[in-house]
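S.K.: run23.csv is reproduced in full below (CSV, C-alpha atoms and all ligand atoms).
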chain,number,residue,atom,x,y,z
A,1,MET,CA,78.0,115.1,120.5
A,2,SER,CA,74.6,113.8,119.5
A,3,ALA,CA,75.7,110.5,117.8
A,4,ARG,CA,78.6,108.2,118.4
A,5,PRO,CA,80.8,107.5,115.4
A,6,LYS,CA,80.2,104.1,113.9
A,7,ALA,CA,83.0,101.6,114.2
A,8,GLU,CA,83.1,101.2,110.5
A,9,ALA,CA,82.3,103.3,107.4
A,10,PRO,CA,78.8,102.9,106.0
A,11,ALA,CA,78.2,100.0,103.6
A,12,ALA,CA,81.0,99.9,101.1
A,13,LYS,CA,79.9,100.5,97.5
A,14,GLY,CA,82.4,98.0,96.1
A,15,LYS,CA,85.6,96.1,96.6
A,16,PRO,CA,88.7,97.9,97.8
A,17,VAL,CA,90.4,99.8,95.0
A,18,THR,CA,93.7,98.1,94.0
A,19,LEU,CA,96.7,99.1,92.0
A,20,SER,CA,95.6,97.0,89.1
A,21,ALA,CA,92.1,98.5,89.3
A,22,LEU,CA,93.7,102.0,88.8
A,23,ALA,CA,95.9,100.7,85.9
A,24,GLN,CA,92.7,99.2,84.4
A,25,LYS,CA,90.9,102.5,84.7
A,26,LYS,CA,93.7,104.2,82.8
A,27,ALA,CA,93.6,101.5,80.1
A,28,LEU,CA,89.9,101.9,79.7
A,29,GLY,CA,90.1,105.7,79.7
A,30,GLU,CA,87.9,105.9,82.8
A,31,PRO,CA,88.8,109.0,84.9
A,32,ILE,CA,90.1,108.5,88.4
A,33,ALA,CA,88.6,110.6,91.2
A,34,MET,CA,90.9,111.4,94.1
A,35,ILE,CA,90.5,113.8,97.0
A,36,THR,CA,92.3,114.5,100.3
A,37,ALA,CA,90.9,113.6,103.7
A,38,TYR,CA,92.3,114.2,107.2
A,39,ASP,CA,89.9,112.7,109.7
A,40,PHE,CA,87.2,110.1,110.4
A,41,PRO,CA,84.2,112.2,109.1
A,42,SER,CA,86.0,113.4,105.9
A,43,ALA,CA,87.0,109.7,105.2
A,44,GLN,CA,83.4,108.6,105.6
A,45,VAL,CA,82.3,111.4,103.2
A,46,ALA,CA,84.9,110.2,100.6
A,47,GLU,CA,83.7,106.6,101.1
A,48,GLU,CA,80.0,107.4,100.6
A,49,ALA,CA,80.8,109.7,97.7
A,50,GLY,CA,82.5,106.8,96.0
A,51,VAL,CA,85.9,108.3,95.1
A,52,ASP,CA,88.7,106.0,93.9
A,53,VAL,CA,91.7,107.3,95.9
A,54,VAL,CA,92.0,109.2,99.2
A,55,LEU,CA,95.2,111.1,100.0
A,56,VAL,CA,96.0,112.1,103.5
A,57,GLY,CA,97.9,115.1,102.1
A,58,ASP,CA,100.4,117.1,104.0
A,59,SER,CA,98.1,120.0,102.9
A,60,GLY,CA,96.4,118.9,106.2
A,61,ALA,CA,99.2,120.9,107.9
A,62,MET,CA,97.4,124.0,106.7
A,63,THR,CA,93.7,122.9,106.3
A,64,VAL,CA,93.3,121.1,109.7
A,65,LEU,CA,96.4,121.9,111.8
A,66,GLY,CA,96.7,125.7,111.0
A,67,TYR,CA,100.3,125.8,110.0
A,68,PRO,CA,101.3,128.5,107.4
A,69,SER,CA,102.7,125.9,105.0
A,70,THR,CA,103.1,122.1,104.6
A,71,VAL,CA,106.7,122.3,105.8
A,72,PRO,CA,106.3,122.1,109.7
A,73,VAL,CA,104.0,119.0,109.9
A,74,THR,CA,105.7,116.0,111.5
A,75,THR,CA,105.4,112.3,110.8
A,76,ASP,CA,103.6,111.7,114.1
A,77,GLU,CA,101.0,114.4,113.2
A,78,MET,CA,100.5,112.9,109.7
A,79,LEU,CA,100.2,109.4,111.2
A,80,MET,CA,97.5,110.5,113.6
A,81,LEU,CA,95.5,112.1,110.7
A,82,ALA,CA,96.0,109.0,108.5
A,83,ALA,CA,95.0,106.5,111.2
A,84,ALA,CA,91.7,108.5,111.7
A,85,VAL,CA,91.1,108.4,107.9
A,86,ARG,CA,91.8,104.7,107.8
A,87,ARG,CA,89.0,104.1,110.4
A,88,GLY,CA,86.5,105.8,108.2
A,89,LEU,CA,87.5,104.2,104.9
A,90,ARG,CA,87.0,100.8,103.3
A,91,THR,CA,86.8,101.1,99.5
A,92,PRO,CA,89.1,103.8,98.1
A,93,MET,CA,92.8,103.3,98.0
A,94,LEU,CA,94.5,105.2,101.0
A,95,VAL,CA,97.7,107.0,100.2
A,96,GLY,CA,99.7,108.7,102.9
A,97,ASP,CA,101.8,111.8,102.1
A,98,LEU,CA,105.4,111.6,103.5
A,99,PRO,CA,106.0,115.0,105.1
A,100,PHE,CA,109.0,117.3,104.5
A,101,GLY,CA,112.1,116.0,106.2
A,102,SER,CA,110.9,112.5,106.7
A,103,TYR,CA,112.4,110.8,103.6
A,104,GLU,CA,115.1,113.0,102.0
A,105,VAL,CA,118.1,112.1,104.2
A,106,SER,CA,118.6,108.5,103.1
A,107,ASP,CA,116.9,105.4,101.6
A,108,GLU,CA,116.8,104.0,105.1
A,109,GLN,CA,115.0,107.0,106.5
A,110,ALA,CA,112.5,106.9,103.6
A,111,VAL,CA,111.8,103.2,104.0
A,112,ALA,CA,111.4,103.5,107.8
A,113,THR,CA,108.9,106.4,107.4
A,114,ALA,CA,106.9,104.7,104.7
A,115,GLN,CA,106.7,101.6,106.8
A,116,ARG,CA,105.2,103.6,109.7
A,117,PHE,CA,102.5,104.9,107.3
A,118,VAL,CA,101.6,101.3,106.4
A,119,LYS,CA,102.0,99.7,109.9
A,120,GLU,CA,100.7,102.4,112.2
A,121,ALA,CA,98.1,104.1,110.0
A,122,GLY,CA,97.1,101.3,107.6
A,123,CYS,CA,97.9,103.2,104.4
A,124,ASP,CA,98.0,101.2,101.2
A,125,ALA,CA,100.7,103.4,99.6
A,126,VAL,CA,102.7,106.6,100.2
A,127,LYS,CA,103.4,109.7,98.1
A,128,LEU,CA,106.6,111.7,98.0
A,129,GLU,CA,107.4,115.0,96.2
A,130,ARG,CA,110.0,115.9,93.5
A,131,GLY,CA,112.3,114.1,91.1
A,132,GLY,CA,116.1,114.2,91.7
A,133,SER,CA,117.0,112.4,94.9
A,134,SER,CA,113.4,111.5,95.6
A,135,VAL,CA,113.6,109.1,92.6
A,136,ARG,CA,116.1,107.0,94.6
A,137,ARG,CA,114.0,107.2,97.7
A,138,ALA,CA,110.9,106.1,95.8
A,139,LYS,CA,112.9,103.1,94.4
A,140,ALA,CA,114.0,102.1,97.9
A,141,ILE,CA,110.5,102.2,99.3
A,142,ILE,CA,109.1,100.3,96.3
A,143,GLU,CA,111.8,97.6,96.8
A,144,ALA,CA,110.7,97.4,100.4
A,145,GLY,CA,107.3,96.4,99.1
A,146,ILE,CA,105.4,99.7,99.5
A,147,PRO,CA,103.7,101.3,96.5
A,148,VAL,CA,104.7,104.8,95.8
A,149,MET,CA,102.9,107.7,94.1
A,150,GLY,CA,105.2,110.5,92.7
A,151,HIS,CA,104.5,114.2,92.6
A,152,VAL,CA,106.0,116.7,90.2
A,153,GLY,CA,105.5,120.3,88.9
A,154,LEU,CA,104.7,122.5,91.8
A,155,THR,CA,105.9,120.6,94.9
A,156,PRO,CA,104.8,122.7,97.9
A,157,GLN,CA,107.4,121.2,100.3
A,158,THR,CA,110.1,122.9,98.3
A,159,ALA,CA,108.1,125.9,97.0
A,160,THR,CA,110.7,128.4,98.2
A,161,ALA,CA,113.3,126.8,95.9
A,162,LEU,CA,110.8,126.9,93.1
A,163,GLY,CA,110.2,130.7,93.5
A,164,GLY,CA,107.0,130.4,95.5
A,165,TYR,CA,103.6,128.8,95.0
A,166,ARG,CA,103.6,129.3,91.2
A,167,SER,CA,102.9,127.1,88.2
A,168,GLN,CA,105.9,125.2,86.9
A,169,GLY,CA,107.1,124.2,83.4
A,170,ARG,CA,106.1,127.3,81.5
A,171,THR,CA,109.5,127.6,79.7
A,172,ALA,CA,110.7,124.7,77.5
A,173,GLU,CA,113.7,124.2,79.8
A,174,ARG,CA,111.8,123.9,83.0
A,175,ALA,CA,109.1,121.8,81.3
A,176,LEU,CA,111.8,119.4,80.3
A,177,GLU,CA,112.9,119.1,83.9
A,178,VAL,CA,109.4,118.3,85.0
A,179,ALA,CA,109.2,115.7,82.2
A,180,GLU,CA,112.6,114.1,83.2
A,181,ASP,CA,111.3,113.9,86.8
A,182,ALA,CA,108.1,112.3,85.8
A,183,LEU,CA,109.7,109.8,83.5
A,184,ALA,CA,112.4,108.9,86.2
A,185,LEU,CA,109.7,108.3,88.8
A,186,GLN,CA,107.8,106.0,86.3
A,187,GLU,CA,111.1,104.2,85.7
A,188,ALA,CA,111.7,103.8,89.4
A,189,GLY,CA,108.4,101.9,89.6
A,190,CYS,CA,105.9,104.4,90.9
A,191,PHE,CA,102.4,103.2,90.4
A,192,SER,CA,101.0,106.7,89.8
A,193,ILE,CA,102.1,110.3,89.7
A,194,VAL,CA,100.6,113.7,90.5
A,195,PHE,CA,101.1,116.6,88.2
A,196,GLU,CA,100.5,119.9,90.1
A,197,ALA,CA,100.2,123.3,88.5
A,198,ILE,CA,101.8,122.8,85.2
A,199,PRO,CA,100.5,124.0,81.8
A,200,SER,CA,97.9,121.8,80.1
A,201,ASP,CA,100.1,121.8,77.0
A,202,LEU,CA,102.9,120.3,78.9
A,203,THR,CA,100.6,117.6,80.3
A,204,ALA,CA,99.3,116.9,76.8
A,205,GLU,CA,103.0,116.4,75.6
A,206,LEU,CA,103.8,114.1,78.5
A,207,MET,CA,100.7,111.9,78.6
A,208,PRO,CA,101.6,109.6,75.6
A,209,ARG,CA,104.9,108.9,77.4
A,210,LEU,CA,103.4,107.8,80.7
A,211,GLU,CA,102.1,104.3,81.2
A,212,ILE,CA,101.1,104.8,84.8
A,213,PRO,CA,98.0,106.7,85.9
A,214,VAL,CA,98.6,110.5,86.1
A,215,ILE,CA,96.5,112.5,88.5
A,216,GLY,CA,96.3,116.2,87.9
A,217,ILE,CA,95.7,119.2,90.1
A,218,GLY,CA,96.0,122.3,88.0
A,219,ALA,CA,97.4,120.3,85.1
A,220,GLY,CA,94.5,120.4,82.6
A,221,PRO,CA,92.1,117.9,81.4
A,222,ALA,CA,94.4,115.4,79.7
A,223,THR,CA,95.4,113.5,82.9
A,224,ASP,CA,93.9,110.1,83.9
A,225,GLY,CA,92.3,111.6,86.9
A,226,GLN,CA,92.0,114.7,89.1
A,227,VAL,CA,92.7,115.4,92.8
A,228,LEU,CA,91.4,118.4,94.9
A,229,VAL,CA,91.9,119.3,98.5
A,230,PHE,CA,88.8,118.4,100.5
A,231,HIS,CA,88.6,121.8,102.2
A,232,ASP,CA,89.1,123.7,98.9
A,233,LEU,CA,86.4,121.8,97.0
A,234,LEU,CA,83.8,122.1,99.8
A,235,GLY,CA,84.7,125.7,100.7
A,236,ILE,CA,85.7,124.9,104.3
A,237,TYR,CA,89.1,126.5,104.1
A,238,ASP,CA,89.2,130.3,104.3
A,239,GLY,CA,92.7,130.9,102.9
A,240,HIS,CA,93.8,131.7,99.4
A,241,ALA,CA,92.5,129.4,96.8
A,242,ALA,CA,94.7,128.5,93.8
A,243,ARG,CA,93.4,129.1,90.2
A,244,PHE,CA,92.7,125.4,89.7
A,245,VAL,CA,90.3,125.1,92.7
A,246,LYS,CA,86.6,124.7,91.8
A,247,ARG,CA,84.3,125.1,94.7
A,248,TYR,CA,81.5,122.5,95.0
A,249,GLY,CA,80.1,123.8,98.3
A,250,ASP,CA,80.1,126.5,100.8
A,251,VAL,CA,80.4,124.4,103.9
A,252,ARG,CA,82.3,126.9,106.0
A,253,LYS,CA,79.5,129.4,105.7
A,254,ALA,CA,77.0,126.6,106.6
A,255,MET,CA,79.1,125.8,109.7
A,256,VAL,CA,79.5,129.4,110.8
A,257,ASP,CA,75.7,130.0,110.3
A,258,GLY,CA,74.9,126.9,112.3
A,259,VAL,CA,77.2,127.8,115.2
A,260,ALA,CA,76.0,131.5,115.2
A,261,ALA,CA,72.3,130.4,115.3
A,262,TYR,CA,73.1,128.0,118.2
A,263,ALA,CA,74.9,130.8,120.1
A,264,ALA,CA,72.0,133.2,119.5
A,265,ASP,CA,69.5,130.6,120.7
A,266,VAL,CA,71.5,130.0,123.9
A,267,ARG,CA,71.7,133.7,124.6
A,268,GLU,CA,68.0,134.2,123.9
A,269,ARG,CA,67.1,131.1,125.9
A,270,ARG,CA,65.4,129.5,122.9
A,271,TYR,CA,67.6,126.4,123.4
A,272,PRO,CA,67.1,123.9,124.9
A,273,GLU,CA,63.4,123.3,124.5
A,274,ALA,CA,61.4,120.6,126.3
A,275,GLU,CA,62.1,118.0,123.6
A,276,HIS,CA,65.8,118.3,124.2
A,277,GLY,CA,65.5,117.4,127.9
A,278,TYR,CA,64.9,114.3,130.1
A,279,THR,CA,61.9,113.9,132.5
A,280,MET,CA,61.4,112.3,135.9
A,281,ALA,CA,58.2,110.5,136.9
A,282,PRO,CA,56.1,112.7,139.2
A,283,ASP,CA,56.3,110.2,142.1
A,284,GLU,CA,60.1,110.0,141.8
A,285,ARG,CA,60.3,113.8,141.9
A,286,GLU,CA,58.1,113.9,144.9
A,287,ARG,CA,60.3,111.3,146.7
A,288,LEU,CA,63.4,113.3,145.8
A,289,ARG,CA,61.8,116.4,147.4
A,290,GLU,CA,61.2,114.4,150.6
A,291,LEU,CA,64.8,113.0,150.6
A,292,LEU,CA,66.2,116.5,150.0
A,293,ALA,CA,64.0,117.8,152.8
A,294,GLN,CA,65.3,115.2,155.2
A,295,ARG,CA,68.9,116.1,154.4
A,296,VAL,CA,68.7,119.7,155.5
A,301,LIG,O1,99.1,117.5,100.2
A,301,LIG,C1,98.2,117.4,99.3
A,301,LIG,O2,97.0,117.7,99.4
A,301,LIG,C2,98.7,117.1,97.9
A,301,LIG,C3,97.7,117.2,96.8
A,301,LIG,C4,97.5,118.6,96.4
A,301,LIG,C5,98.2,116.3,95.6
A,301,LIG,O3,99.9,116.8,97.7
Would it be possible to restate this file's structure as structure tokens?
M.R.:
Amino acid sequence: MSARPKAEAPAAKGKPVTLSALAQKKALGEPIAMITAYDFPSAQVAEEAGVDVVLVGDSGAMTVLGYPSTVPVTTDEMLMLAAAVRRGLRTPMLVGDLPFGSYEVSDEQAVATAQRFVKEAGCDAVKLERGGSSVRRAKAIIEAGIPVMGHVGLTPQTATALGGYRSQGRTAERALEVAEDALALQEAGCFSIVFEAIPSDLTAELMPRLEIPVIGIGAGPATDGQVLVFHDLLGIYDGHAARFVKRYGDVRKAMVDGVAAYAADVRERRYPEAEHGYTMAPDERERLRELLAQRV
């Protein structure tokens, strides 16, 4: 490594983003920018870019841990990612994603897991998926003093039960279920909610009924903000990209090109050059020769 990571993120652009700052943004009609991050450098990028909210998403199971879905990632793995993000972040609100199997069993399990995200990883809030029994879990966590973000529509942790990774709420009946889930999470006290992969028309119908900030991913332009996965928006992840992904970079290609150029330089002996090495004063070298000569 050529440079040591700094102990803190570069100069903060402003004060830490609070729940009331997000609510105020909604009231003023100022869009909220949210992205995911999974490690120290991606957190520093988010900090410097000036986003409002950073989610340590369980999408990290796929983007950085190489699992085929979000389902296998454990709480310990998520906590390691979240703690690294915390070390690189100062201003945006930090939300930790509760992984599949870490909150569904009971309110006690949900509160205990959420507390680990706050105590061990320094998260400001947690996110959980679905309505139904997750509404009770969200309420329990909120009553324990931890802010909760909901997530409805396409909920990847239970994608199998939803018929796969497909948009949700395209029939009136299913759209009503999504609406009921969103309203129940709001009533439970969630400070914000993610709408994933639902028709823009459904979002437009729901927005007048939601007082909390709604963050969309594949939910159209009417939400209070947008979220994208860091690796998707920068073109780092090589897997299938959903329709809602817009690429703002081709970072994977830049990384592959850089590593390939390095490997070619090593093989052709073009690297290292004199400027990459250290020198010894001529008299020290001469003395070394003498010392080595005495040794043999
Ligand atoms: O895990 C994740 O990255 C998410 C976002 C897509 C909202 O849940």
S.K.: Which residues are near ligand LIG 301 (chain A) in this structure, taking near to mean any atom at most 8 Å from a ligand atom and counting only C-alpha atoms and all ligand atoms? Format them as an mmCIF file with C-alpha atoms, keeping the file's coordinate frame.
M.R.:
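Output contents, as saved in pocket-v4.cif:
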data_model
loop_
_atom_site.group_PDB
_atom_site.id
_atom_site.type_symbol
_atom_site.label_atom_id
_atom_site.label_comp_id
_atom_site.auth_asym_id
_atom_site.auth_seq_id
_atom_site.Cartn_x
_atom_site.Cartn_y
_atom_site.Cartn_z
ATOM 1 C CA ILE A 35 90.500 113.800 97.000
ATOM 2 C CA THR A 36 92.300 114.500 100.300
ATOM 3 C CA LEU A 55 95.200 111.100 100.000
ATOM 4 C CA VAL A 56 96.000 112.100 103.500
ATOM 5 C CA GLY A 57 97.900 115.100 102.100
ATOM 6 C CA ASP A 58 100.400 117.100 104.000
ATOM 7 C CA SER A 59 98.100 120.000 102.900
ATOM 8 C CA GLY A 60 96.400 118.900 106.200
ATOM 9 C CA THR A 70 103.100 122.100 104.600
ATOM 10 C CA ASP A 97 101.800 111.800 102.100
ATOM 11 C CA LYS A 127 103.400 109.700 98.100
ATOM 12 C CA GLU A 129 107.400 115.000 96.200
ATOM 13 C CA HIS A 151 104.500 114.200 92.600
ATOM 14 C CA THR A 155 105.900 120.600 94.900
ATOM 15 C CA PRO A 156 104.800 122.700 97.900
ATOM 16 C CA VAL A 194 100.600 113.700 90.500
ATOM 17 C CA PHE A 195 101.100 116.600 88.200
ATOM 18 C CA GLU A 196 100.500 119.900 90.100
ATOM 19 C CA GLY A 216 96.300 116.200 87.900
ATOM 20 C CA ILE A 217 95.700 119.200 90.100
ATOM 21 C CA VAL A 227 92.700 115.400 92.800
ATOM 22 C CA LEU A 228 91.400 118.400 94.900
ATOM 23 C CA VAL A 229 91.900 119.300 98.500
#
S.K.: Counting all atoms listed in the file, give me one row per residue of segment 158-215 of chain A with an atom at most 12 Å from an atom of segment 29-34 of chain A, showing the shortest contact pair and its distance in Å to one decimal, sorted by chain then residue number, as JSON lines.
M.R.:
{"residue": "A:Ser192", "atom": "CA", "partner": "A:Ile32", "partner_atom": "CA", "distance": 11.1}
{"residue": "A:Val194", "atom": "CA", "partner": "A:Met34", "partner_atom": "CA", "distance": 10.6}
{"residue": "A:Pro213", "atom": "CA", "partner": "A:Ile32", "partner_atom": "CA", "distance": 8.5}
{"residue": "A:Val214", "atom": "CA", "partner": "A:Ile32", "partner_atom": "CA", "distance": 9.0}
{"residue": "A:Ile215", "atom": "CA", "partner": "A:Ile32", "partner_atom": "CA", "distance": 7.5}
S.K.: Residues near segment 130-138 of chain A, anyone? I mean within 8 Å using only C-alpha atoms, not counting same-chain ones fewer than 4 positions away, as a ChimeraX atom specification.
M.R.: /A:103-104,106-107,110-111,142,148,150-153,155,178,180-182,184-185,188-190
S.K.: If we count all atoms listed in the file and set the cut-off at 9 Å, which residues sit around Gly101 of chain A, ignoring sequence neighbours fewer than 2 positions away in its own chain? Please answer as a ChimeraX atom specification.
M.R.: /A:71,74-75,98-99,103-105
S.K.: Select, counting only C-alpha atoms, all protein, DNA and RNA residues no farther than 7 Å from (106.7, 100.7, 100.8) in file coordinates, and express the selection as a PyMOL selection string.
M.R.: chain A and resi 111+114-115+125+141-142+144-148
S.K.: How many Å lie between atom CA of Asp201 of chain A and atom CA of Ala172 of chain A, rounded to one decimal?
M.R.: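 These two atoms are separated by 11.0 Å.
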S.K.: Excluding Gly239 of chain A and any residue of its chain fewer than 2 positions from it, enumerate the residues within 12 Å of it, using all atoms listed in the file, and give them as a PyMOL selection string.
M.R.: chain A and resi 62-64+66-69+231-232+235-237+241-242+245+252
S.K.: How many Å separate atom CA of Glu211 of chain A from atom CA of Phe244 of chain A?
M.R.: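 These atoms are spaced 24.6 Å apart.
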S.K.: Could you work out how far atom CA of Val85 of chain A lies from atom CA of Ala49 of chain A, giving the answer in Å with one decimal?
M.R.: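 Atom CA of Val85 of chain A lies at a distance of 14.6 Å from atom CA of Ala49 of chain A.
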S.K.: Any idea what's packed within 7 Å of Ile198 of chain A, counting all atoms listed in the file, ignoring anything in its chain fewer than 3 positions away? Could you give it as a PyMOL selection string?
M.R.: chain A and resi 153+167-169+195+202+218-219
S.K.: Could you give me, as a list in words, the residues that sit within 9 Å of (99.9, 106.8, 83.1) in the file's coordinates, counting all atoms listed in the file?
M.R.: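 Protein and nucleic acid residues near the point are Ala23, Lys26, Ala27, Gln186, Phe191, Ser192, Ile193, Met207, Pro208, Arg209, Leu210, Glu211, Ile212, Pro213, Val214, Ile215, Thr223 and Asp224 of chain A.
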S.K.: Give the answer as one residue: which of A:Pro272, A:Pro72, A:Gly88, A:Gly14 has the shortest atom-to-atom distance to Asp39 of chain A, using all atoms listed in the file?
M.R.: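 Between A:Pro272, A:Pro72, A:Gly88, A:Gly14, the residue approaching Asp39 of chain A most closely is A:Gly88.
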S.K.: From the options A:Thr203, A:Glu77, A:Leu65, A:Ala83, which residue's atoms come nearest to Arg170 of chain A, counting all atoms listed in the file?
M.R.: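 Looking only at the distances to Arg170 of chain A, the closest residue turns out to be A:Thr203.
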S.K.: For Tyr38 of chain A, which of A:Phe230, A:Asp124, A:Asp52, A:Glu173 is the closest residue, counting all atoms listed in the file?
M.R.: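 Using all atoms listed in the file, the shortest distance to Tyr38 of chain A belongs to A:Phe230.
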S.K.: Using only C-alpha atoms, find the one residue out of A:Ala293, A:Met280, A:Val259, A:Ala140 that sits nearest to Gln109 of chain A.
M.R.: A:Ala140
S.K.: Can you tell me, as an MDAnalysis selection string, what residues are no more than 7 Å from Ala179 of chain A when counting all atoms listed in the file, ignoring any on the same chain fewer than 4 positions away?
M.R.: chainID A and resid 175 183 206
S.K.: Given the choices A:Ala84, A:Val17, A:Val95, A:Ala264, which gets closest to Val54 of chain A if the distance is worked out from all atoms listed in the file?
M.R.: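 Closest candidate: A:Val95.
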S.K.: Step by step: locate segment 262-286 of chain A in the block above, keep C-alpha atoms, then write the file as a PDB file, in the first residue's frame.
M.R.:
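Contents of the output file result.pdb:
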ATOM      1  CA  TYR A 262       0.976  -3.257 -13.660  1.00  0.00           C
ATOM      2  CA  ALA A 263       1.265  -7.000 -14.375  1.00  0.00           C
ATOM      3  CA  ALA A 264       2.566  -6.253 -17.909  1.00  0.00           C
ATOM      4  CA  ASP A 265       5.137  -3.788 -16.507  1.00  0.00           C
ATOM      5  CA  VAL A 266       6.354  -6.372 -13.975  1.00  0.00           C
ATOM      6  CA  ARG A 267       6.677  -9.033 -16.674  1.00  0.00           C
ATOM      7  CA  GLU A 268       8.498  -6.662 -19.048  1.00  0.00           C
ATOM      8  CA  ARG A 269      10.697  -5.320 -16.203  1.00  0.00           C
ATOM      9  CA  ARG A 270       9.392  -1.797 -16.739  1.00  0.00           C
ATOM     10  CA  TYR A 271       8.457  -1.612 -13.041  1.00  0.00           C
ATOM     11  CA  PRO A 272      10.037  -0.670 -10.677  1.00  0.00           C
ATOM     12  CA  GLU A 273      12.088   2.212 -12.065  1.00  0.00           C
ATOM     13  CA  ALA A 274      14.849   4.066 -10.220  1.00  0.00           C
ATOM     14  CA  GLU A 275      12.368   6.592  -8.763  1.00  0.00           C
ATOM     15  CA  HIS A 276      10.476   3.795  -6.974  1.00  0.00           C
ATOM     16  CA  GLY A 277      13.560   2.559  -5.083  1.00  0.00           C
ATOM     17  CA  TYR A 278      15.726   3.621  -2.115  1.00  0.00           C
ATOM     18  CA  THR A 279      19.447   4.424  -2.332  1.00  0.00           C
ATOM     19  CA  MET A 280      22.449   3.855  -0.091  1.00  0.00           C
ATOM     20  CA  ALA A 281      25.258   6.389   0.285  1.00  0.00           C
ATOM     21  CA  PRO A 282      28.346   5.171  -1.693  1.00  0.00           C
ATOM     22  CA  ASP A 283      30.536   4.988   1.452  1.00  0.00           C
ATOM     23  CA  GLU A 284      27.917   2.879   3.255  1.00  0.00           C
ATOM     24  CA  ARG A 285      27.772   0.534   0.301  1.00  0.00           C
ATOM     25  CA  GLU A 286      31.546   0.262   0.266  1.00  0.00           C
TER      26      GLU A 286
END
